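J.: Submitted below is the structure of interest, expressed as structure tokens.
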Amino acid sequence: MFEDLNDLYQQVILDHCKKPRNFHELPAATCSAQGFNPLCGDQLKLFLAMEGDTIKDISFTGSGCCISKASASLLTEFAKGKTKPDVEKMFAEVHDMVMTGKYAGDVGKLAVFAGVHKYPARVKCAILAWHAVIAALKGDAAPVTTESAEI
Ligand code: ZN
């Protein structure tokens, strides 16, 4: 289904899907949030250990399609050691990127999701973990679903 994505991007997504990074619960978590994408059945829970505004550690659990898992895995790799504003800024970049296929700033490895905009049904899979991490940073207790979110 991703025949249009270039091979490298496919490989990165498949690698993170098969061997998700930081895929475990986090006993030291200071906040967490759940995300649910009813369209696809993706369910994620993110765990964050904050020190002030800095994410000292981050992990996730859950089940879902390859895109949602790979997105959460790459998100945790990106977010570890970053601050809340760093993550909010990258959320905006990733959001634009999965909607349009274009990005303005340096998104690093997250660029592998640029091709997702060609598959509208998968956009919610790619952005789910990002909605969840933003909810966790805000301290929202209620699970986020891609139905109630703007995308
Ligand atoms: Zn999905």
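Identifiers for the structure tokens are assigned positionally: chains receive A, B, ... in sequence, residues are indexed from 1 per chain, and ligands are indexed from 1 in the order shown.
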Which residues come within 9 Å of Val116 of chain A, counting only C-alpha atoms, excluding same-chain residues fewer than 2 positions away, as a PyMOL selection string?

T.: chain A and resi 2+5+67+97-101+112-114+118-123+126

J.: If you count only C-alpha atoms, which residues fall within 10 Å of segment 6-15 of chain A, apart from same-chain ones fewer than 2 positions away, as a list in words?

T.: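 My list of contacting residues is Phe2, Glu3, Asp4, Cys17, Lys18, Lys19, Pro20, Arg21, Cys66, Ile67, Ser68, Lys69, Ala70, Ser71, Ser73, Leu74, Lys109, Leu110, Ala111, Val112, Phe113, Ala114 and Gly115 of chain A.
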
J.: Once you count only C-alpha atoms and all ligand atoms, what closest atom pair and distance in Å to one decimal does each residue of chain A within 6 Å of ligand 1 have, with rows by chain and rising residue number, as a tab-separated table?

T.:
residue	atom	partner	partner_atom_place_in_ligand_line	distance
A:Cys40	CA	ligand 1	1 (Zn)	4.6
A:Asp42	CA	ligand 1	1 (Zn)	5.1
A:Gly64	CA	ligand 1	1 (Zn)	5.7
A:Cys65	CA	ligand 1	1 (Zn)	4.3
A:Ile67	CA	ligand 1	1 (Zn)	6.0
A:Ser68	CA	ligand 1	1 (Zn)	5.2
A:Cys125	CA	ligand 1	1 (Zn)	4.1

J.: Dump all heavy atoms for the selected residues as a CSV table (one decimal), in the first residue's frame?

T.:
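Contents of result28.csv, freshly written:
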chain,number,residue,atom,x,y,z
A,40,CYS,N,-9.2,3.0,12.9
A,40,CYS,CA,-8.3,1.9,12.5
A,40,CYS,C,-8.2,0.9,13.7
A,40,CYS,O,-7.8,-0.2,13.4
A,40,CYS,CB,-6.9,2.6,12.3
A,40,CYS,SG,-5.6,1.4,11.9
A,42,ASP,N,-6.4,1.7,16.5
A,42,ASP,CA,-5.1,1.9,17.2
A,42,ASP,C,-5.4,2.4,18.6
A,42,ASP,O,-6.2,3.3,18.8
A,42,ASP,CB,-4.3,3.0,16.4
A,42,ASP,CG,-4.2,2.8,15.0
A,42,ASP,OD1,-3.9,1.6,14.6
A,42,ASP,OD2,-4.3,3.7,14.2
A,64,GLY,N,-1.8,-1.6,17.5
A,64,GLY,CA,-2.3,-0.8,16.4
A,64,GLY,C,-1.6,-1.2,15.1
A,64,GLY,O,-0.8,-2.1,15.1
A,65,CYS,N,-1.9,-0.5,14.1
A,65,CYS,CA,-1.3,-0.7,12.8
A,65,CYS,C,0.2,-0.3,12.8
A,65,CYS,O,0.7,0.4,13.7
A,65,CYS,CB,-2.0,0.0,11.7
A,65,CYS,SG,-1.9,1.8,11.8
A,67,ILE,N,1.8,1.9,11.1
A,67,ILE,CA,2.0,3.4,11.0
A,67,ILE,C,1.9,4.0,12.4
A,67,ILE,O,2.7,4.8,12.9
A,67,ILE,CB,1.0,4.1,10.1
A,67,ILE,CG1,1.2,3.6,8.6
A,67,ILE,CG2,1.1,5.6,10.2
A,67,ILE,CD1,2.4,4.2,7.9
A,68,SER,N,0.9,3.6,13.2
A,68,SER,CA,0.7,4.2,14.5
A,68,SER,C,1.8,3.7,15.4
A,68,SER,O,2.3,4.6,16.3
A,68,SER,CB,-0.7,3.8,15.1
A,68,SER,OG,-0.8,2.4,15.3
A,125,CYS,N,-3.6,7.7,12.0
A,125,CYS,CA,-2.7,6.7,12.6
A,125,CYS,C,-1.4,7.3,12.9
A,125,CYS,O,-0.8,7.1,14.0
A,125,CYS,CB,-2.5,5.5,11.6
A,125,CYS,SG,-4.0,4.7,11.1

J.: In Å, how far is it from atom CA of Val144 of chain A to atom CA of Thr54 of chain A?

T.: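 Those two atoms sit 22.2 Å apart.
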
J.: Figure out the distance between atom CA of Lys138 of chain A and atom CA of Glu93 of chain A, please, to one decimal in Å.

T.: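 Result for atom CA of Glu93 of chain A versus atom CA of Lys138 of chain A: 18.5 Å, one decimal.
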
J.: Report as an NGL selection string all protein, DNA and RNA residues lying within 10 Å of segment 132-136 of chain A, evaluated on only C-alpha atoms, omitting residues in the same chain fewer than 2 positions from it.

T.: :A and (30-36 or 44-48 or 58 or 60 or 72 or 75-76 or 79 or 84 or 87-88 or 91 or 127-130 or 138-146)

J.: For atom CA of Pro27 of chain A and atom CA of Val94 of chain A, quote the distance in Å rounded to one decimal.

T.: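 So the answer is 28.2 Å.
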